[in-house]
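Q: What follows is model_30.tsv, made up of TSV, C-alpha atoms and all ligand atoms:
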```
chain	number	residue	atom	x	y	z
A	1	MET	CA	12.74	14.92	-19.89
A	2	LYS	CA	16.27	16.13	-19.47
A	3	GLY	CA	17.95	15.86	-16.13
A	4	ASP	CA	18.31	12.83	-13.92
A	5	TYR	CA	18.49	14.40	-10.49
A	6	ASN	CA	18.36	11.13	-8.59
A	7	TYR	CA	22.06	11.37	-7.78
A	8	ALA	CA	21.58	14.70	-6.03
A	9	GLY	CA	20.80	15.65	-2.43
A	10	PHE	CA	17.26	15.88	-1.08
A	11	GLU	CA	17.00	19.69	-1.30
A	12	THR	CA	18.16	19.64	-4.93
A	13	ARG	CA	15.67	16.94	-5.87
A	14	ALA	CA	12.83	18.78	-4.09
A	15	ILE	CA	13.45	21.66	-6.50
A	16	HIS	CA	14.47	19.85	-9.70
A	17	ALA	CA	13.29	16.22	-9.86
A	18	GLY	CA	10.82	15.83	-12.73
A	19	GLN	CA	11.13	19.56	-13.41
A	20	ALA	CA	13.76	20.15	-16.06
A	21	PRO	CA	13.21	23.46	-17.93
A	22	ASP	CA	10.32	23.18	-20.40
A	23	PRO	CA	11.72	21.79	-23.68
A	24	THR	CA	9.64	24.07	-25.94
A	25	THR	CA	10.08	27.46	-24.21
A	26	GLY	CA	12.77	27.03	-21.55
A	27	ALA	CA	10.27	27.97	-18.81
A	28	VAL	CA	12.01	27.27	-15.51
A	29	SER	CA	8.77	26.70	-13.62
A	30	VAL	CA	6.85	23.66	-14.91
A	31	PRO	CA	3.95	25.03	-17.02
A	32	ILE	CA	0.37	24.38	-15.92
A	33	TYR	CA	-0.75	22.27	-18.88
A	34	GLN	CA	-4.41	23.27	-18.68
A	35	THR	CA	-5.62	20.95	-21.42
A	36	SER	CA	-7.92	17.93	-21.50
A	37	THR	CA	-6.61	16.43	-24.75
A	38	TYR	CA	-3.54	16.38	-27.04
A	39	ALA	CA	-3.18	16.60	-30.83
A	40	GLN	CA	-2.14	13.37	-32.55
A	41	GLU	CA	-0.18	13.40	-35.80
A	42	GLU	CA	-1.96	10.30	-36.98
A	43	VAL	CA	-3.93	7.62	-35.16
A	44	GLY	CA	-1.89	6.47	-32.19
A	45	LYS	CA	1.09	8.74	-33.03
A	46	HIS	CA	1.46	11.23	-30.17
A	47	LYS	CA	3.99	12.59	-27.69
A	48	GLY	CA	3.00	10.26	-24.83
A	49	TYR	CA	-0.10	12.21	-23.88
A	50	GLU	CA	-3.62	11.39	-25.14
A	51	TYR	CA	-6.14	12.50	-22.51
A	52	SER	CA	-5.64	14.28	-19.18
A	53	ARG	CA	-7.40	11.77	-16.92
A	54	THR	CA	-4.74	9.31	-18.06
A	55	HIS	CA	-1.69	11.61	-18.19
A	56	ASN	CA	-0.93	15.30	-17.92
A	57	PRO	CA	2.60	16.79	-18.09
A	58	THR	CA	2.19	18.90	-14.93
A	59	ARG	CA	0.99	15.80	-13.09
A	60	THR	CA	3.89	13.76	-14.50
A	61	ALA	CA	6.33	16.30	-13.02
A	62	LEU	CA	4.72	15.93	-9.58
A	63	GLU	CA	4.69	12.12	-9.83
A	64	GLU	CA	8.39	12.05	-10.75
A	65	CYS	CA	9.28	14.50	-7.98
A	66	ILE	CA	7.57	12.59	-5.15
A	67	ALA	CA	9.02	9.31	-6.46
A	68	SER	CA	12.50	10.79	-6.31
A	69	LEU	CA	11.99	12.15	-2.77
A	70	GLU	CA	10.55	8.96	-1.28
A	71	GLY	CA	12.69	6.38	-3.01
A	72	GLY	CA	15.21	7.73	-5.52
A	73	ALA	CA	15.85	5.83	-8.76
A	74	GLY	CA	13.47	3.00	-9.67
A	75	THR	CA	10.56	4.50	-7.74
A	76	TYR	CA	7.12	5.36	-9.11
A	77	GLY	CA	4.69	8.10	-8.06
A	78	LEU	CA	0.99	8.56	-8.79
A	79	ALA	CA	-1.08	11.68	-8.07
A	80	PHE	CA	-4.75	11.88	-7.02
A	81	ALA	CA	-7.41	14.50	-6.42
A	82	THR	CA	-7.18	14.08	-2.62
A	83	GLY	CA	-5.43	11.98	0.00
A	84	MET	CA	-8.63	9.94	0.41
A	85	ALA	CA	-8.71	9.26	-3.35
A	86	ALA	CA	-5.14	7.91	-3.09
A	87	ILE	CA	-6.13	5.73	-0.12
A	88	THR	CA	-9.24	4.44	-1.92
A	89	ASN	CA	-7.09	3.65	-4.96
A	90	VAL	CA	-4.87	1.37	-2.85
A	91	MET	CA	-7.94	-0.52	-1.69
A	92	TYR	CA	-8.98	-1.34	-5.26
A	93	LEU	CA	-6.20	-3.94	-4.91
A	94	ALA	CA	-8.34	-5.80	-2.36
A	95	ARG	CA	-10.89	-8.54	-3.03
A	96	PRO	CA	-13.92	-9.70	-1.01
A	97	GLY	CA	-12.69	-11.80	1.89
A	98	ASP	CA	-9.42	-9.89	2.28
A	99	ARG	CA	-8.59	-8.46	5.69
A	100	VAL	CA	-6.61	-5.38	6.65
A	101	LEU	CA	-4.74	-4.93	9.89
A	102	LEU	CA	-5.29	-1.26	10.66
A	103	SER	CA	-3.33	0.79	13.15
A	104	ASP	CA	-5.75	1.85	15.89
A	105	ASP	CA	-5.35	5.57	15.51
A	106	VAL	CA	-5.33	6.02	11.76
A	107	TYR	CA	-6.69	9.21	10.25
A	108	GLY	CA	-10.44	9.49	10.94
A	109	GLY	CA	-11.30	9.52	7.23
A	110	THR	CA	-9.32	6.33	6.66
A	111	PHE	CA	-11.15	4.60	9.50
A	112	ARG	CA	-14.48	5.81	8.09
A	113	LEU	CA	-13.62	4.45	4.64
A	114	PHE	CA	-12.92	1.01	6.12
A	115	ALA	CA	-15.78	0.98	8.63
A	116	ARG	CA	-18.57	2.47	6.51
A	117	ILE	CA	-17.72	1.68	2.89
A	118	LEU	CA	-15.18	-1.11	2.36
A	119	THR	CA	-16.98	-3.50	4.72
A	120	ASN	CA	-19.97	-3.26	2.32
A	121	TYR	CA	-17.72	-4.82	-0.32
A	122	GLY	CA	-16.60	-7.73	1.84
A	123	ILE	CA	-13.27	-6.19	2.83
A	124	ASP	CA	-12.81	-6.45	6.56
A	125	TYR	CA	-10.43	-4.72	8.94
A	126	GLU	CA	-9.14	-5.15	12.43
A	127	LEU	CA	-7.86	-2.31	14.61
A	128	VAL	CA	-4.63	-3.06	16.46
A	129	ASP	CA	-2.09	-1.12	18.45
A	130	LEU	CA	0.87	-1.54	16.10
A	131	SER	CA	3.25	-0.09	18.68
A	132	ASP	CA	2.84	-3.53	20.33
A	133	LEU	CA	3.98	-5.86	17.56
A	134	GLU	CA	3.70	-9.06	19.58
A	135	LYS	CA	0.01	-8.43	20.07
A	136	ALA	CA	-0.35	-7.44	16.42
A	137	ALA	CA	1.30	-10.67	15.24
A	138	GLY	CA	-1.45	-12.65	16.98
A	139	LYS	CA	-4.06	-10.93	14.83
A	140	LEU	CA	-2.60	-11.92	11.48
A	141	THR	CA	-4.54	-14.52	9.50
A	142	LYS	CA	-4.17	-16.08	6.06
A	143	ALA	CA	-6.71	-13.53	4.82
A	144	THR	CA	-4.62	-10.54	5.93
A	145	LYS	CA	-3.48	-8.86	2.71
A	146	PHE	CA	-2.45	-5.45	4.04
A	147	VAL	CA	-0.99	-3.99	7.18
A	148	TRP	CA	-1.76	-0.29	7.31
A	149	LEU	CA	-0.10	2.31	9.51
A	150	GLU	CA	0.67	5.96	10.06
A	151	THR	CA	3.65	7.09	12.09
A	152	PRO	CA	3.68	9.33	14.00
A	153	THR	CA	-0.02	8.65	14.53
A	154	ASN	CA	-2.86	11.14	14.48
A	155	PRO	CA	-3.55	12.62	17.01
A	156	TRP	CA	-1.73	10.52	19.66
A	157	LEU	CA	1.73	10.85	18.05
A	158	LYS	CA	2.57	7.21	18.74
A	159	VAL	CA	5.58	5.96	16.81
A	160	ILE	CA	5.39	2.60	15.03
A	161	ASP	CA	8.45	0.60	14.00
A	162	ILE	CA	8.23	0.57	10.20
A	163	ARG	CA	11.08	-1.91	9.68
A	164	GLN	CA	9.70	-4.51	12.10
A	165	THR	CA	6.12	-4.08	10.90
A	166	ALA	CA	7.31	-4.61	7.31
A	167	GLU	CA	9.03	-7.86	8.35
A	168	LEU	CA	5.87	-8.99	10.13
A	169	ALA	CA	3.64	-8.18	7.13
A	170	HIS	CA	6.00	-9.84	4.66
A	171	SER	CA	6.27	-12.97	6.82
A	172	ILE	CA	2.67	-13.81	5.83
A	173	GLY	CA	2.87	-12.38	2.31
A	174	ALA	CA	0.96	-9.19	3.16
A	175	LYS	CA	1.89	-5.70	1.91
A	176	LEU	CA	2.81	-2.86	4.26
A	177	ILE	CA	1.08	0.43	3.46
A	178	VAL	CA	2.44	3.53	5.24
A	179	ASP	CA	0.64	6.86	5.31
A	180	ASN	CA	3.64	9.22	5.57
A	181	THR	CA	1.62	12.45	5.70
A	182	PHE	CA	2.74	13.55	9.19
A	183	ALA	CA	6.48	13.11	8.68
A	184	SER	CA	6.91	13.89	4.96
A	185	PRO	CA	9.79	12.28	3.03
A	186	TYR	CA	12.16	14.89	4.41
A	187	LEU	CA	11.89	13.40	7.92
A	188	GLN	CA	11.07	9.74	7.13
A	189	ARG	CA	11.24	7.46	4.09
A	190	PRO	CA	9.21	4.28	4.69
A	191	LEU	CA	10.21	2.57	1.39
A	192	GLU	CA	13.81	2.47	2.64
A	193	LEU	CA	12.53	0.72	5.78
A	194	GLY	CA	10.60	-1.98	3.89
A	195	ALA	CA	7.15	-0.46	3.19
A	196	ASP	CA	5.53	-1.49	-0.10
A	197	VAL	CA	3.39	1.60	-0.72
A	198	VAL	CA	3.68	5.11	0.71
A	199	ILE	CA	0.64	7.39	0.85
A	200	HIS	CA	0.49	11.16	1.23
A	201	SER	CA	-2.23	13.62	1.79
A	202	ALA	CA	-0.22	16.27	-0.09
A	203	THR	CA	-2.82	18.69	1.26
A	204	LYS	CA	-0.65	18.83	4.37
A	205	TYR	CA	3.15	19.26	4.57
A	206	LEU	CA	3.96	18.64	0.90
A	207	GLY	CA	1.64	21.42	-0.30
A	208	GLY	CA	2.49	23.25	2.89
A	209	HIS	CA	0.44	26.42	2.42
A	210	SER	CA	-3.16	25.31	3.13
A	211	ASP	CA	-4.18	26.19	-0.43
A	212	VAL	CA	-4.64	22.84	-2.19
A	213	VAL	CA	-6.09	19.35	-1.65
A	214	ASN	CA	-4.10	16.50	-3.25
A	215	GLY	CA	-3.00	12.89	-2.70
A	216	LEU	CA	-0.01	10.77	-3.74
A	217	LEU	CA	1.05	7.12	-3.85
A	218	VAL	CA	4.65	5.94	-4.14
A	219	THR	CA	6.06	2.44	-4.66
A	220	LYS	CA	9.20	0.70	-5.88
A	221	ASP	CA	7.25	-2.37	-7.02
A	222	GLN	CA	6.56	-2.05	-10.75
A	223	GLU	CA	3.80	-4.66	-10.76
A	224	LEU	CA	2.00	-2.82	-7.96
A	225	ARG	CA	2.60	0.48	-9.73
A	226	ASP	CA	1.02	-0.83	-12.93
A	227	LYS	CA	-2.10	-2.03	-11.10
A	228	LEU	CA	-2.41	1.22	-9.15
A	229	ALA	CA	-1.95	3.28	-12.33
A	230	PHE	CA	-4.59	1.18	-14.10
A	231	HIS	CA	-7.04	1.84	-11.23
A	232	GLN	CA	-6.06	5.53	-11.18
A	233	ASN	CA	-7.10	5.94	-14.81
A	234	ALA	CA	-10.05	3.55	-14.70
A	235	THR	CA	-11.69	5.12	-11.65
A	236	GLY	CA	-10.58	8.67	-12.46
A	237	ALA	CA	-9.96	10.51	-9.18
A	238	THR	CA	-7.03	12.38	-10.72
A	239	PRO	CA	-5.95	15.95	-9.85
A	240	GLY	CA	-6.07	18.93	-12.18
A	241	PRO	CA	-2.81	20.47	-13.42
A	242	PHE	CA	-3.08	23.63	-11.30
A	243	ASP	CA	-3.37	21.57	-8.11
A	244	CYS	CA	-0.31	19.53	-9.16
A	245	TRP	CA	1.58	22.76	-9.79
A	246	LEU	CA	0.70	24.11	-6.34
A	247	VAL	CA	2.02	20.92	-4.72
A	248	LEU	CA	5.22	21.07	-6.81
A	249	ARG	CA	5.70	24.66	-5.71
A	250	GLY	CA	5.15	23.69	-2.09
A	251	ILE	CA	7.63	20.81	-2.26
A	252	LYS	CA	10.45	23.12	-3.37
A	253	THR	CA	10.64	24.53	0.18
A	254	LEU	CA	9.74	21.30	2.02
A	255	PRO	CA	13.21	20.83	3.57
A	256	ILE	CA	13.49	24.32	5.06
A	257	ARG	CA	9.86	24.28	6.18
A	258	MET	CA	10.22	20.90	7.91
A	259	ARG	CA	13.34	22.13	9.72
A	260	ALA	CA	11.41	25.18	10.94
A	261	HIS	CA	8.32	23.09	11.90
A	262	SER	CA	10.55	20.69	13.85
A	263	GLU	CA	12.31	23.53	15.67
A	264	ASN	CA	9.06	25.28	16.65
A	265	GLY	CA	7.38	21.95	17.44
A	266	LEU	CA	10.02	21.02	20.01
A	267	LEU	CA	9.96	24.46	21.66
A	268	VAL	CA	6.15	24.44	21.87
A	269	ALA	CA	6.19	20.88	23.29
A	270	LYS	CA	8.72	21.89	25.97
A	271	PHE	CA	6.72	25.00	26.82
A	272	LEU	CA	3.52	22.96	27.26
A	273	GLN	CA	5.35	20.31	29.27
A	274	ALA	CA	6.34	22.95	31.82
A	275	HIS	CA	2.85	24.50	31.99
A	276	PRO	CA	0.73	23.83	35.13
A	277	LYS	CA	-2.54	23.64	33.13
A	278	VAL	CA	-1.28	20.84	30.92
A	279	GLU	CA	-1.61	17.24	32.04
A	280	ARG	CA	0.43	15.49	29.36
A	281	VAL	CA	2.27	16.42	26.16
A	282	LEU	CA	2.60	14.04	23.21
A	283	TYR	CA	5.55	14.78	20.94
A	284	PRO	CA	8.07	12.19	19.67
A	285	GLY	CA	10.89	14.72	19.97
A	286	LEU	CA	10.62	14.82	23.77
A	287	PRO	CA	13.01	12.41	25.54
A	288	GLU	CA	10.04	11.45	27.78
A	289	HIS	CA	8.05	10.16	24.78
A	290	PRO	CA	7.81	6.36	25.19
A	291	GLN	CA	9.11	5.75	21.64
A	292	HIS	CA	11.60	8.61	21.46
A	293	ASP	CA	14.52	6.29	20.64
A	294	LEU	CA	12.56	4.56	17.89
A	295	ALA	CA	11.55	7.96	16.50
A	296	ARG	CA	15.22	8.99	16.47
A	297	SER	CA	16.16	5.83	14.63
A	298	GLN	CA	13.62	6.11	11.79
A	299	MET	CA	13.11	9.88	11.53
A	300	SER	CA	15.59	12.69	10.98
A	301	GLY	CA	13.44	15.23	12.86
A	302	PHE	CA	10.10	15.25	14.66
A	303	GLY	CA	7.93	17.72	12.75
A	304	GLY	CA	5.31	20.20	13.84
A	305	MET	CA	2.49	18.04	15.19
A	306	VAL	CA	2.07	18.35	18.97
A	307	SER	CA	-0.87	17.05	20.99
A	308	PHE	CA	-1.63	17.62	24.65
A	309	ILE	CA	-4.21	16.78	27.27
A	310	ALA	CA	-5.48	19.82	29.10
A	311	LYS	CA	-6.23	19.78	32.81
A	312	GLY	CA	-9.93	20.43	33.43
A	313	GLY	CA	-11.48	18.12	30.84
A	314	TYR	CA	-13.63	18.84	27.81
A	315	GLU	CA	-14.68	22.38	28.81
A	316	ALA	CA	-11.10	23.47	29.49
A	317	ALA	CA	-9.93	22.08	26.13
A	318	LEU	CA	-12.74	23.83	24.24
A	319	GLU	CA	-11.89	27.11	26.00
A	320	ILE	CA	-8.22	26.87	24.96
A	321	VAL	CA	-8.98	26.28	21.28
A	322	ARG	CA	-11.47	29.18	21.39
A	323	ARG	CA	-8.96	31.63	22.87
A	324	THR	CA	-5.87	31.36	20.68
A	325	THR	CA	-5.31	34.12	18.12
A	326	VAL	CA	-2.07	33.22	16.30
A	327	PHE	CA	-3.09	29.55	16.26
A	328	THR	CA	-6.20	29.45	14.04
A	329	LEU	CA	-9.02	27.14	15.08
A	330	ALA	CA	-9.31	24.87	12.05
A	331	GLU	CA	-9.11	21.29	10.81
A	332	SER	CA	-6.18	20.13	8.67
A	333	LEU	CA	-2.45	20.52	9.36
A	334	GLY	CA	0.96	20.91	7.81
A	335	GLY	CA	0.71	24.48	6.52
A	336	VAL	CA	3.05	27.37	7.30
A	337	GLU	CA	0.40	28.82	9.64
A	338	SER	CA	-0.22	27.37	13.09
A	339	LEU	CA	-3.55	25.61	13.64
A	340	ILE	CA	-5.28	24.35	16.78
A	341	GLU	CA	-8.17	21.91	17.01
A	342	HIS	CA	-10.14	19.58	19.28
A	343	PRO	CA	-9.94	16.11	17.63
A	344	GLY	CA	-12.89	14.66	19.57
A	345	ALA	CA	-15.24	17.41	18.40
A	346	MET	CA	-13.67	18.08	14.98
A	347	THR	CA	-11.36	15.89	12.85
A	348	HIS	CA	-12.09	12.67	14.74
A	349	ALA	CA	-15.78	13.27	15.54
A	350	SER	CA	-16.72	10.34	13.27
A	351	LEU	CA	-15.01	8.05	15.81
A	352	ALA	CA	-17.52	8.87	18.57
A	353	GLY	CA	-18.90	5.62	19.93
A	354	SER	CA	-16.19	3.55	18.20
A	355	PRO	CA	-13.38	1.73	20.02
A	356	ILE	CA	-11.01	4.57	19.10
A	357	GLU	CA	-13.09	7.49	20.38
A	358	MET	CA	-10.99	10.53	21.33
A	359	HIS	CA	-10.04	11.76	24.81
A	360	PRO	CA	-12.32	14.72	25.71
A	361	ALA	CA	-9.46	17.00	26.83
A	362	LEU	CA	-7.16	16.26	23.90
A	363	VAL	CA	-5.97	19.28	21.89
A	364	ARG	CA	-3.96	18.96	18.66
A	365	LEU	CA	-1.59	21.61	17.36
A	366	SER	CA	-0.14	21.92	13.90
A	367	VAL	CA	2.78	24.16	14.80
A	368	GLY	CA	3.60	26.48	11.91
A	369	ILE	CA	6.71	28.44	11.12
A	370	GLU	CA	5.79	31.81	12.64
A	371	THR	CA	8.07	33.54	15.18
A	372	THR	CA	8.47	31.12	18.09
A	373	ALA	CA	7.92	33.78	20.79
A	374	ASP	CA	4.56	34.74	19.26
A	375	LEU	CA	3.40	31.12	19.35
A	376	LEU	CA	4.43	30.67	22.99
A	377	LYS	CA	2.82	33.98	24.01
A	378	ASP	CA	-0.42	32.95	22.30
A	379	LEU	CA	-0.51	29.59	24.07
A	380	GLU	CA	0.34	31.27	27.38
A	381	GLN	CA	-2.65	33.63	27.16
A	382	ALA	CA	-4.98	30.87	25.91
A	383	LEU	CA	-4.04	28.55	28.77
A	384	GLY	CA	-4.07	31.30	31.38
B	1	LIG	C1	-5.62	14.63	5.76
B	1	LIG	C2	-5.16	13.24	5.84
B	1	LIG	C3	-5.63	12.26	4.95
B	1	LIG	C4	-6.70	12.55	3.92
B	1	LIG	O1	-6.24	13.42	2.94
B	1	LIG	P1	-7.20	14.44	2.12
B	1	LIG	O2	-6.23	15.17	1.26
B	1	LIG	O3	-7.88	15.31	3.15
B	1	LIG	O4	-8.18	13.62	1.37
B	1	LIG	C5	-5.10	10.99	5.04
B	1	LIG	N1	-4.18	10.68	5.98
B	1	LIG	C6	-3.70	11.59	6.85
B	1	LIG	C7	-2.68	11.19	7.85
B	1	LIG	C8	-4.18	12.90	6.82
B	1	LIG	O5	-3.71	13.79	7.70
```
Translate the structure described by the file into structure tokens.

A:
Amino acid sequence: MKGDYNYAGFETRAIHAGQAPDPTTGAVSVPIYQTSTYAQEEVGKHKGYEYSRTHNPTRTALEECIASLEGGAGTYGLAFATGMAAITNVMYLARPGDRVLLSDDVYGGTFRLFARILTNYGIDYELVDLSDLEKAAGKLTKATKFVWLETPTNPWLKVIDIRQTAELAHSIGAKLIVDNTFASPYLQRPLELGADVVIHSATKYLGGHSDVVNGLLVTKDQELRDKLAFHQNATGATPGPFDCWLVLRGIKTLPIRMRAHSENGLLVAKFLQAHPKVERVLYPGLPEHPQHDLARSQMSGFGGMVSFIAKGGYEAALEIVRRTTVFTLAESLGGVESLIEHPGAMTHASLAGSPIEMHPALVRLSVGIETTADLLKDLEQALG
């Protein structure tokens, strides 16, 4: 396709990378190629597309766009039906006997995949607090093939040092996998800090409008890319073209949305911090956050995810999430609309009884881009 936008700024690439005007019609918006197969002139003579599980032009545009945003030139992207499908695809790289060092507050679904499914295939994991790298180093063994982290973490908003964790993983020949869903490539680019594979649930900030479920993988390592692409086609959890189009459309406004999320996120965090019914606020943008300096050094903003511990325990937390009206009580995150949830009873309920069970009074906010005063007023009445 025409147009190498890798020289351009982030906002330009978010709109144009992989999305040159359609060569046949000039359509400025990438067409939704709703087709399962492609005509061949003669056996094996085609335009690069044979069957839509393997390749689809709308999906190619999305894969090129995310590659450009996470890593620029020489980067590869792969799209999947969901974030979990992307995560599962990474784990097809593992073999029985391999071990994974897993950050201790990874996404609940990721933990469930490791704890309930991958262990059945001889792939073991160990939960560690990766914000304490000395402790983590002691857990590495010859069998450790992957170190797996999210930063900021969900829902505790801990910040993990990507650069140092990459050095640690590479020192024993392991790969560093970073789930970059919470920050998005606008705020943080793990490949530049040494990560080997970046994962997204594009369902969240990349899609940005709570209207699509999608997953992405990004890497600069061509050998890894080839294996992941082989598994993508062989196992088949690929997204349809309309879903890819929705994510592409969302990404076009990612930079301005992330600026607005970060602005509202900080103001909500400060409001909660000053509120007598709040025990503790977790937001990496607050100077009081224990890893605020690290967050500043590896992120260009702090996003819209804010967690807090309510005074009054479980009942008080449930009452707050029941009472908000602008904040919708719902799972998921990263859309333009503000959401509120109780991780222990909702997104992270599968952790009950595990070593990473949630705090009963923990509330998680996905701060949207509505008028700030309306968000603060809503929280005020819900807390009061
Ligand atoms: C939502 C989420 C996932 C899973 O993605 P799906 O699109 O729901 O399959 C993985 N990691 C993180 C951090 C998430 O927030």

Q: Residues within 8 Å of ligand LIG 1 (chain B), counting all atoms listed in the file: report them as a list of chain:residue names.

A: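 Listed by chain and ascending number, the contacts are A:Ala81, A:Thr82, A:Gly83, A:Met84, A:Ala85, A:Ala86, A:Ile87, A:Val106, A:Tyr107, A:Gly109, A:Thr110, A:Glu150, A:Thr153, A:Asn154, A:Asp179, A:Asn180, A:Thr181, A:Phe182, A:Ile199, A:His200, A:Ser201, A:Ala202, A:Thr203, A:Lys204, A:Val213, A:Asn214, A:Gly215, A:Ser332, A:Leu333.
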
Q: Considering only C-alpha atoms, return as a CSV table (one decimal) with C-alpha atoms, keeping the file's coordinate frame whatever protein or nucleic-acid residues lie within 12 Å of Met346 in chain A, sequence-local ones (same chain, fewer than 2 positions apart) excluded.

A:
```csv
chain,number,residue,atom,x,y,z
A,108,GLY,CA,-10.4,9.5,10.9
A,109,GLY,CA,-11.3,9.5,7.2
A,155,PRO,CA,-3.6,12.6,17.0
A,318,LEU,CA,-12.7,23.8,24.2
A,321,VAL,CA,-9.0,26.3,21.3
A,329,LEU,CA,-9.0,27.1,15.1
A,330,ALA,CA,-9.3,24.9,12.0
A,331,GLU,CA,-9.1,21.3,10.8
A,332,SER,CA,-6.2,20.1,8.7
A,340,ILE,CA,-5.3,24.4,16.8
A,341,GLU,CA,-8.2,21.9,17.0
A,342,HIS,CA,-10.1,19.6,19.3
A,343,PRO,CA,-9.9,16.1,17.6
A,344,GLY,CA,-12.9,14.7,19.6
A,348,HIS,CA,-12.1,12.7,14.7
A,349,ALA,CA,-15.8,13.3,15.5
A,350,SER,CA,-16.7,10.3,13.3
A,351,LEU,CA,-15.0,8.0,15.8
A,352,ALA,CA,-17.5,8.9,18.6
A,357,GLU,CA,-13.1,7.5,20.4
A,358,MET,CA,-11.0,10.5,21.3
A,360,PRO,CA,-12.3,14.7,25.7
A,362,LEU,CA,-7.2,16.3,23.9
A,363,VAL,CA,-6.0,19.3,21.9
A,364,ARG,CA,-4.0,19.0,18.7
```

Q: Pick from A:Pro241, A:Pro190, A:Pro21, A:Gly207: nearest to Thr58 in chain A, with all atoms listed in the file counted?

A: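 Result for the nearest residue to Thr58 in chain A: A:Pro241.
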
Q: CA of Val278 in chain A to CA of Ser338 in chain A: how many Å, to one decimal?

A: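 Interatomic distance, CA of Val278 in chain A to CA of Ser338 in chain A: 19.0 Å.
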
Q: I need the residue nearest Gly72 in chain A from this list: A:Phe271, A:Phe146, A:Phe10, A:Trp245. Use only C-alpha atoms for the distance.

A: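 The shortest atom-to-atom distance to Gly72 in chain A comes from A:Phe10.
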
Q: With all atoms listed in the file as the basis for distance, which of A:Val159, A:Leu101, A:Val247, A:Ile172 is at the shortest distance from Ile32 in chain A?

A: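 Among the listed residues, the smallest separation from Ile32 in chain A belongs to A:Val247.
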
Q: Around all the atoms of range 76-81 of chain A listed in the file, with 8 Å of room on each side, what axis-aligned box do you get, giving centre and edge lengths in Å to one decimal, as AutoDock Vina command-line options?

A:
```
--center_x -0.1 --center_y 9.9 --center_z -7.8 --size_x 30.5 --size_y 25.1 --size_z 18.7
```

Q: Set the distance at 12 Å and use all atoms listed in the file: which residues neighbour range 120-125 of chain A once local chain neighbours fewer than 5 positions away are removed? I'd like the list as a ChimeraX atom specification.

A: /A:91-104,110-115,139-141,143-148

Q: Report the distance between CA of Lys227 in chain A and CA of Ala67 in chain A in Å, rounded to one decimal place.

A: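 These atoms are spaced 16.5 Å apart.
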
Q: Take CA of Leu248 in chain A and CA of Asp105 in chain A and report the distance between them in Å, one decimal.

A: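 Between these atoms lies a distance of 29.2 Å.
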
Q: For Arg257 in chain A, find every residue with an atom within 10 Å (counting only C-alpha atoms), except residues of its own chain fewer than 6 positions away, and show them as a list in words.

A: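 The neighbour list is Tyr186, Tyr205, Leu206, Gly208, Gly250, Ile251, Glu263, Gly303, Gly304, Gly334, Gly335, Val336, Gly368 and Ile369 of chain A.
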
Q: Convert the current residue selection to file output with C-alpha atoms, as a PDB file, in the frame of the given file.

A:
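Printed below is part39.pdb as written:
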```
ATOM      1  CA  TYR A 186      12.160  14.890   4.410  1.00  0.00           C
ATOM      2  CA  TYR A 205       3.150  19.260   4.570  1.00  0.00           C
ATOM      3  CA  LEU A 206       3.960  18.640   0.900  1.00  0.00           C
ATOM      4  CA  GLY A 208       2.490  23.250   2.890  1.00  0.00           C
ATOM      5  CA  GLY A 250       5.150  23.690  -2.090  1.00  0.00           C
ATOM      6  CA  ILE A 251       7.630  20.810  -2.260  1.00  0.00           C
ATOM      7  CA  GLU A 263      12.310  23.530  15.670  1.00  0.00           C
ATOM      8  CA  GLY A 303       7.930  17.720  12.750  1.00  0.00           C
ATOM      9  CA  GLY A 304       5.310  20.200  13.840  1.00  0.00           C
ATOM     10  CA  GLY A 334       0.960  20.910   7.810  1.00  0.00           C
ATOM     11  CA  GLY A 335       0.710  24.480   6.520  1.00  0.00           C
ATOM     12  CA  VAL A 336       3.050  27.370   7.300  1.00  0.00           C
ATOM     13  CA  GLY A 368       3.600  26.480  11.910  1.00  0.00           C
ATOM     14  CA  ILE A 369       6.710  28.440  11.120  1.00  0.00           C
TER      15      ILE A 369
END
```

Q: At a cut-off of 12 Å, using all atoms listed in the file, what residues contact Pro287 in chain A? Leave out same-chain residues fewer than 5 positions from it and give the result as a ChimeraX atom specification.

A: /A:266,269-270,273,281-282,292-296,302

Q: Could you dump the residues just selected with C-alpha atoms as a JSON list (two decimals), keeping the file's coordinate frame?

A:
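Here's the written file again11.json:
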```
[["chain", "number", "residue", "atom", "x", "y", "z"],
["A", 266, "LEU", "CA", 10.02, 21.02, 20.01],
["A", 269, "ALA", "CA", 6.19, 20.88, 23.29],
["A", 270, "LYS", "CA", 8.72, 21.89, 25.97],
["A", 273, "GLN", "CA", 5.35, 20.31, 29.27],
["A", 281, "VAL", "CA", 2.27, 16.42, 26.16],
["A", 282, "LEU", "CA", 2.60, 14.04, 23.21],
["A", 292, "HIS", "CA", 11.60, 8.61, 21.46],
["A", 293, "ASP", "CA", 14.52, 6.29, 20.64],
["A", 294, "LEU", "CA", 12.56, 4.56, 17.89],
["A", 295, "ALA", "CA", 11.55, 7.96, 16.50],
["A", 296, "ARG", "CA", 15.22, 8.99, 16.47],
["A", 302, "PHE", "CA", 10.10, 15.25, 14.66]]
```

Q: Pick out the residues sitting within 8 Å of Leu193 in chain A, and hand them over as a list in words; count all atoms listed in the file, and ignore anything fewer than 5 positions along from it in its own chain.

A: Ile162, Arg163 and Ala166 of chain A

Q: Between A:Ala27, A:Ala169, A:Val198, A:Leu157, which one has atoms that come closest to Phe308 in chain A, using all atoms listed in the file?

A: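 Closest candidate: A:Leu157.
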
Q: Considering all atoms listed in the file, state which residue in the set A:Pro276, A:Thr119, A:Gly44, A:Ile160 is at the smallest distance from Leu383 in chain A.

A: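 With all atoms listed in the file as the atom set, the closest residue is A:Pro276.
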